[in-house]
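Enquirer: Starting off with a structure, shown below.
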Amino acid sequence: MADKTTLAAHRAEHRQPLVRVVRKNDMPAYKSTLLRIGAFVVALVAGGLFILCIGQNPFDVYGTILKGSFRTSMAIQATVKIAVPLLICSLGLTFAFKMNFWNIGAEGQLIMGAICATPIALYLDGLPRPLVLILMVLAGMIGGGIWALIPAIFKVRFGTNETLFTLMLNYIALYMIMYFREGPWRDPNTPAYPQIKYFSQNARLYEVLGVHIGWIIALVLVILVYIYLNKTKQGYEISVVGESQATARYAGMNVGRIVIRTMFISGAVCGLAGVIQISGADYTLADSVAGGVGFTAIIVAWISRLNPFVITLVSALFAILEKGCSVMQSTFQISTTASEVLQGVILFFILGFEFFTRYALVFRKRGGK
């Protein structure tokens, strides 16, 4: 009998998982700050080990990455141009993530914003420059908003999975660029290879301090997003829906309308990033217009805990890393692949530590406890 009891106890113990993930209570601000600083230090150490493995001096490489982003006025301008679309897309995603709607489609929404603004740049560039730019912004924001509205409506009406839906729309938007590039918007002056012609001066953003005014728009947007999410009734509704849809319904909120409205805003902001990219940096529409910005913005928004001001700082750090790594490649003759691995190693450790600000690992003890 005792043997059977012991055997049953052993079986019960083995049925318990060896490791469980448990959500933590809110961590004090100073602890989370220390953890993030530790994550950054460990990420640099891990990246340094990788640099040693490829035969370079980590201090020289890191110094070059930092200097490469600020060594000249042109380098600073290039770093700002990288940061602007990333910052705007991250702000756009903040709306959706705040209500626990997993919008993975910022890439496609940015592209749709660029697509919808392009015909105005191509065919209405004879209008006054301010009017052309205003029309481009409006068209791009409406295009990005509608692209985000599609999965929102399906989610509210049919309960579809928004993660997969928004992800698939990214690729549809990308192939639409290819269609227009090889079809109705193809530049007849380049018969050897398909491309959309460059925009005229009337369809290009004004510059301030050597950089297009997109950086000013982005900074203004940071303040507006903060006010909207934290100081308005609509922002409060987004927070309640994110915490519990049942609670929101009990309080008399129309959850479906809030989801649709918020997703339109989210997509519109991402669409604005697309307009700024084609009119301020690329001066044309190409399939590289997004360049992975929409996916990187997910990481930025997540690391920043949906705080617009922290998003600004993190976007700047990502831009410094990307610009600095491109300089590092040319300086040390390091391949593009090695540069991407270095960025991946750093991000891996930063994201890994971010996990432990929210969750803890609980190991099974003897006796199954």
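Within each chain, counting starts at residue 1; across the structure tokens, chains are named A, B, ... in the order shown, with ligands numbered 1 upward in that order.
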Neighbours of Cys325 (chain A) within 10 Å (only C-alpha atoms; same-chain residues fewer than 5 positions away dropped), as number ranges by chain?
Expert: A: 61-62, 64-66, 68-69, 319-320, 330-331, 334, 336, 338-340, 342-343
Enquirer: Could you give me the residues within region 288-332 of chain A that DSSP places in helix (DSSP H, G or I), as an MDAnalysis selection string?
Expert: chainID A and resid 293:303 308:332
Enquirer: For CA of Ala251 (chain A) and CA of Gly159 (chain A), quote the distance in Å rounded to one decimal.
Expert: 21.5 Å
Enquirer: Using only C-alpha atoms, can you tell me which of A:Arg186, A:Ser279, A:Ile223, A:Val240 comes closest to Ala117 (chain A)?
Expert: A:Ser279
Enquirer: If you count only C-alpha atoms, which residues fall within 7 Å of Phe40 (chain A), apart from same-chain ones fewer than 4 positions away, as a list in words?
Expert: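 Counting only C-alpha atoms, the residues come to Arg36, Leu44 and Ile350 of chain A.
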Enquirer: What gap, in Å, lies between CA of Tyr123 (chain A) and CA of Ile172 (chain A)?
Expert: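 Separation of CA of Tyr123 (chain A) and CA of Ile172 (chain A): 24.2 Å.
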